[in-house]
Amino acid sequence: MSDMPLESITVEPTRPATACVIWLHGLGDSGAGFAPVVPALGLPSDHSIRFIFPHAPEQAVTINGGYVMRAWYDIKSMALHDRADLAGVMDSESQIVALIEAQIASGIAPNRIVLAGFSQGGVMSLFCGLRLKYTLAGIMALSCYLPTADQMPVDLSAENRATPILQQHGNQDEVVPLSAGVMAHELLKKEGYATQWQTYDMAHNVLPEQLRDISKWLQKVLNIH
């Protein structure tokens with residue numbers, strides 16, 4: 001995997017940014033896939049949140065016949081215990097951490113940063129957030145699972161033990177079964193994490209109703225009134 005910084009789409013607020021949401025897309029998508037959610041969130045017009053939508057590197061994906069596409073890691077099989085290529089997950093983790101550190105260097109405090117993601121991006125937001133050595137404002141994991149299946153990742157950080165986590169999933173998800181999201185939620189809850197679980201009557205996608213709930217949660221964890 002490249003040592004080059006991740007390319008991304010950045011949506012700046014009208015005021016100088018004092019907070020940041022880094023939102024990771026799903027398999028085969030790009031940062032452009034989620035950039036349109038910013039106006040759809042209905043945040044106060046004077047909010048000061050910078051939104052960053054990075055593009056995953058391009059790589060061959062085994063389950064798609066080796067076709068090259070944007071992916072945070074290779075998917076070897078649809079079976080949850082063999083789905084995520086952990087070496088690839090850790091490669092992407094280092095690039096996502098670099099993105100977070102660039103925001104910290106720009107003057108955004110770690111506890112004003114939310115790490116979010118959908119599907120493969122949600123897998124990365126959970127994995128990276130749980131292991132990150134900086135205390136975040138929040139971790140958002142949409143329609144996803146833990147890459148370590150029914151085990152917590154190794155090298156969990158103390159810094160995000162109390163960080164609010166939002167997990168959302170569609171009850172008709174045909175790509176990532178609801179049971180995989182539930183398994184991740186139960187593991188987090190058992191370990192004492194501050195995780196909130198919400199389900200929606202949808203498949204593997206995002207609904208307007210869900211975006212309203214995300215907006216409320218973001219405003220709460222980033223203390224926006």
# chains A, B, ... in the order shown; residues from 1 in each chain; ligands from 1

$ residues_around --residues "A:Glu93" --least-positions-apart "2" --cutoff "10 Å" --atoms "only C-alpha atoms" --output "NGL selection string"
:A and (72-73 or 87-91 or 95-99 or 124-125 or 127-129 or 131-132)

$ write_last_selection --atoms "N, CA, C and O atoms" --output "compact mmCIF listing (two decimals), in the first residue's frame"
# COMPACT_ATOMS: atom_id res chain seq x y z
N TRP A 72 -10.69 -0.46 1.24
CA TRP A 72 -9.83 -0.26 2.42
C TRP A 72 -9.04 -1.51 2.73
O TRP A 72 -8.03 -1.46 3.42
N TYR A 73 -9.54 -2.66 2.27
CA TYR A 73 -8.84 -3.94 2.45
C TYR A 73 -9.47 -4.96 1.51
O TYR A 73 -10.59 -4.75 1.01
N ALA A 87 -4.19 -7.73 7.36
CA ALA A 87 -2.99 -6.98 6.98
C ALA A 87 -3.39 -5.72 6.21
O ALA A 87 -2.84 -4.63 6.43
N GLY A 88 -4.38 -5.85 5.33
CA GLY A 88 -4.88 -4.71 4.58
C GLY A 88 -5.58 -3.70 5.47
O GLY A 88 -5.46 -2.49 5.28
N VAL A 89 -6.33 -4.23 6.45
CA VAL A 89 -7.01 -3.36 7.42
C VAL A 89 -5.97 -2.50 8.14
O VAL A 89 -6.15 -1.28 8.30
N MET A 90 -4.87 -3.11 8.55
CA MET A 90 -3.85 -2.39 9.30
C MET A 90 -3.08 -1.40 8.42
O MET A 90 -2.68 -0.32 8.88
N ASP A 91 -2.90 -1.72 7.15
CA ASP A 91 -2.29 -0.77 6.21
C ASP A 91 -3.15 0.49 6.10
O ASP A 91 -2.65 1.61 6.18
N GLN A 95 -2.90 4.83 7.30
CA GLN A 95 -3.20 5.99 6.45
C GLN A 95 -4.30 6.86 7.06
O GLN A 95 -4.26 8.09 6.96
N ILE A 96 -5.26 6.22 7.72
CA ILE A 96 -6.35 6.97 8.37
C ILE A 96 -5.81 7.72 9.59
O ILE A 96 -6.16 8.88 9.83
N VAL A 97 -4.91 7.08 10.34
CA VAL A 97 -4.28 7.75 11.49
C VAL A 97 -3.51 8.97 11.01
O VAL A 97 -3.56 10.04 11.64
N ALA A 98 -2.82 8.85 9.88
CA ALA A 98 -2.08 9.99 9.31
C ALA A 98 -3.02 11.14 8.97
O ALA A 98 -2.69 12.32 9.17
N LEU A 99 -4.21 10.78 8.49
CA LEU A 99 -5.22 11.80 8.16
C LEU A 99 -5.70 12.52 9.43
O LEU A 99 -5.84 13.74 9.46
N MET A 124 -13.50 0.10 9.23
CA MET A 124 -12.26 0.84 9.50
C MET A 124 -12.44 1.85 10.62
O MET A 124 -11.55 2.03 11.46
N SER A 125 -13.59 2.54 10.67
CA SER A 125 -13.80 3.54 11.72
C SER A 125 -13.83 2.87 13.10
O SER A 125 -13.26 3.39 14.06
N PHE A 127 -12.44 -0.21 13.93
CA PHE A 127 -11.13 -0.80 14.20
C PHE A 127 -10.12 0.28 14.58
O PHE A 127 -9.42 0.18 15.59
N CYS A 128 -10.05 1.31 13.76
CA CYS A 128 -9.10 2.39 13.97
C CYS A 128 -9.43 3.17 15.24
O CYS A 128 -8.54 3.47 16.05
N GLY A 129 -10.71 3.49 15.44
CA GLY A 129 -11.12 4.24 16.61
C GLY A 129 -10.84 3.53 17.92
O GLY A 129 -10.41 4.14 18.90
N ARG A 131 -8.49 1.47 18.52
CA ARG A 131 -7.05 1.31 18.75
C ARG A 131 -6.29 2.64 18.77
O ARG A 131 -5.10 2.67 19.08
N LEU A 132 -6.97 3.73 18.46
CA LEU A 132 -6.32 5.03 18.31
C LEU A 132 -5.80 5.58 19.64
O LEU A 132 -6.46 5.46 20.66

$ select_by_dssp --residues "stretch 10-225 of chain A" --states "strand (DSSP E or B)" --output "PyMOL selection string"
chain A and resi 10-11+19-24+49-54+58-61+67-70+75+84+113-118+138-142+165-170+195-200

$ residues_around --residues "stretch 175-180 of chain A" --least-positions-apart "5" --cutoff "9 Å" --atoms "only C-alpha atoms" --output "ChimeraX atom specification"
/A:78,80,119,143-146,149-150,169-170,185,199,203-204

$ write_last_selection --atoms "N, CA, C and O atoms" --output "tab-separated table (two decimals), in the first residue's frame"
chain	number	residue	atom	x	y	z
A	78	MET	N	-17.21	-14.18	1.79
A	78	MET	CA	-18.37	-13.55	2.43
A	78	MET	C	-18.56	-14.04	3.87
A	78	MET	O	-19.32	-13.46	4.62
A	80	LEU	N	-18.00	-14.26	7.63
A	80	LEU	CA	-17.55	-13.18	8.52
A	80	LEU	C	-16.16	-13.45	9.10
A	80	LEU	O	-15.36	-12.54	9.25
A	119	SER	N	-20.17	0.66	5.87
A	119	SER	CA	-19.78	-0.65	5.34
A	119	SER	C	-18.29	-0.90	5.59
A	119	SER	O	-17.85	-0.86	6.74
A	143	SER	N	-23.70	0.15	9.14
A	143	SER	CA	-23.87	-1.06	8.31
A	143	SER	C	-22.57	-1.84	8.19
A	143	SER	O	-22.09	-2.12	7.09
A	144	CYS	N	-21.98	-2.19	9.34
A	144	CYS	CA	-20.66	-2.82	9.29
A	144	CYS	C	-20.49	-3.86	10.39
A	144	CYS	O	-21.44	-4.24	11.07
A	145	TYR	N	-19.25	-4.30	10.57
A	145	TYR	CA	-18.91	-5.39	11.48
A	145	TYR	C	-17.51	-5.13	12.00
A	145	TYR	O	-16.82	-4.19	11.57
A	146	LEU	N	-17.06	-5.94	12.93
A	146	LEU	CA	-15.66	-5.87	13.36
A	146	LEU	C	-14.84	-6.78	12.44
A	146	LEU	O	-15.26	-7.91	12.15
A	149	ALA	N	-14.33	-10.28	13.55
A	149	ALA	CA	-15.55	-11.11	13.69
A	149	ALA	C	-16.05	-11.13	15.13
A	149	ALA	O	-16.54	-10.13	15.63
A	150	ASP	N	-15.94	-12.28	15.81
A	150	ASP	CA	-16.52	-12.41	17.15
A	150	ASP	C	-15.51	-12.15	18.27
A	150	ASP	O	-15.72	-12.53	19.42
A	169	HIS	N	-27.71	0.08	11.49
A	169	HIS	CA	-27.74	-1.04	10.54
A	169	HIS	C	-29.15	-1.18	9.95
A	169	HIS	O	-30.14	-0.89	10.63
A	170	GLY	N	-29.23	-1.62	8.72
A	170	GLY	CA	-30.51	-1.92	8.09
A	170	GLY	C	-30.94	-3.34	8.42
A	170	GLY	O	-30.14	-4.27	8.35
A	185	HIS	N	-21.88	-5.05	18.11
A	185	HIS	CA	-22.48	-4.24	19.18
A	185	HIS	C	-22.43	-4.96	20.52
A	185	HIS	O	-22.08	-4.36	21.55
A	199	THR	N	-31.51	0.53	14.45
A	199	THR	CA	-31.78	-0.19	13.20
A	199	THR	C	-32.85	0.55	12.41
A	199	THR	O	-33.66	1.29	12.98
A	203	ALA	N	-32.15	-1.68	3.37
A	203	ALA	CA	-31.13	-2.65	2.94
A	203	ALA	C	-29.74	-2.06	3.25
A	203	ALA	O	-29.56	-1.43	4.29
A	204	HIS	N	-28.78	-2.23	2.34
A	204	HIS	CA	-27.40	-1.76	2.58
A	204	HIS	C	-27.26	-0.35	2.01
A	204	HIS	O	-26.66	-0.13	0.97

$ residues_around --residues "stretch 208-218 of chain A" --least-positions-apart "4" --cutoff "7 Å" --atoms "only C-alpha atoms" --output "list in words"
Leu41, Leu43 and Leu222 of chain A

$ write_last_selection --atoms "all heavy atoms" --output "mmCIF file, in the first residue's frame"
data_model
loop_
_atom_site.group_PDB
_atom_site.id
_atom_site.type_symbol
_atom_site.label_atom_id
_atom_site.label_comp_id
_atom_site.auth_asym_id
_atom_site.auth_seq_id
_atom_site.Cartn_x
_atom_site.Cartn_y
_atom_site.Cartn_z
ATOM 1 N N LEU A 41 -27.637 16.754 6.193
ATOM 2 C CA LEU A 41 -27.636 16.593 7.649
ATOM 3 C C LEU A 41 -28.409 17.712 8.350
ATOM 4 O O LEU A 41 -28.762 17.570 9.528
ATOM 5 C CB LEU A 41 -26.192 16.551 8.180
ATOM 6 C CG LEU A 41 -25.398 15.283 7.845
ATOM 7 C CD1 LEU A 41 -23.927 15.468 8.202
ATOM 8 C CD2 LEU A 41 -25.974 14.062 8.560
ATOM 9 N N LEU A 43 -27.467 20.632 9.460
ATOM 10 C CA LEU A 43 -26.764 21.225 10.600
ATOM 11 C C LEU A 43 -27.031 22.735 10.648
ATOM 12 O O LEU A 43 -27.393 23.331 9.638
ATOM 13 C CB LEU A 43 -25.259 20.972 10.455
ATOM 14 C CG LEU A 43 -24.821 19.509 10.546
ATOM 15 C CD1 LEU A 43 -23.392 19.353 10.040
ATOM 16 C CD2 LEU A 43 -24.946 18.983 11.970
ATOM 17 N N LEU A 222 -20.294 16.757 19.407
ATOM 18 C CA LEU A 222 -19.446 17.911 19.102
ATOM 19 C C LEU A 222 -19.929 19.189 19.811
ATOM 20 O O LEU A 222 -19.403 20.270 19.582
ATOM 21 C CB LEU A 222 -19.376 18.143 17.586
ATOM 22 C CG LEU A 222 -18.591 17.056 16.820
ATOM 23 C CD1 LEU A 222 -18.723 17.260 15.313
ATOM 24 C CD2 LEU A 222 -17.122 17.045 17.234
#

$ residues_around --residues "stretch 187-197 of chain A" --least-positions-apart "2" --cutoff "9 Å" --atoms "only C-alpha atoms" --output "ChimeraX atom specification"
/A:150-152,160-169,182-185,199

$ select_by_dssp --residues "stretch 11-206 of chain A" --states "alpha helix (DSSP H)" --output "PyMOL selection string"
chain A and resi 37-40+86-105+120-131+178-190

$ atom_distance --atom1 "atom CA of A:Val37" --atom2 "atom CA of A:Pro110"
22.7 Å

$ residues_around --residues "A:Gln59" --least-positions-apart "6" --cutoff "10 Å" --atoms "only C-alpha atoms" --output "list in words"
Met1, Gly28, Gly66, Tyr67, Val68, Met69, Arg70, Ala71, Trp72, Tyr73 and Asp74 of chain A

$ write_last_selection --atoms "C-alpha atoms" --output "compact mmCIF listing (two decimals), in the first residue's frame"
# COMPACT_ATOMS: atom_id res chain seq x y z
CA MET A 1 0.00 0.00 0.00
CA GLY A 28 -15.97 0.27 -4.68
CA GLY A 66 -9.74 -9.81 -8.48
CA TYR A 67 -11.27 -6.70 -10.05
CA VAL A 68 -9.37 -3.54 -9.06
CA MET A 69 -11.48 -0.99 -7.18
CA ARG A 70 -11.29 1.38 -4.26
CA ALA A 71 -11.13 -0.72 -1.10
CA TRP A 72 -9.83 -0.26 2.42
CA TYR A 73 -8.84 -3.94 2.45
CA ASP A 74 -9.30 -7.11 0.41

$ atom_distance --atom1 "atom CA of A:Lys220" --atom2 "atom CA of A:Asn205"
23.6 Å

$ closest_residue --among "A:Ala102, A:Ile63, A:Ala56, A:Ile49" --to "A:Gly26" --atoms "only C-alpha atoms"
A:Ala56
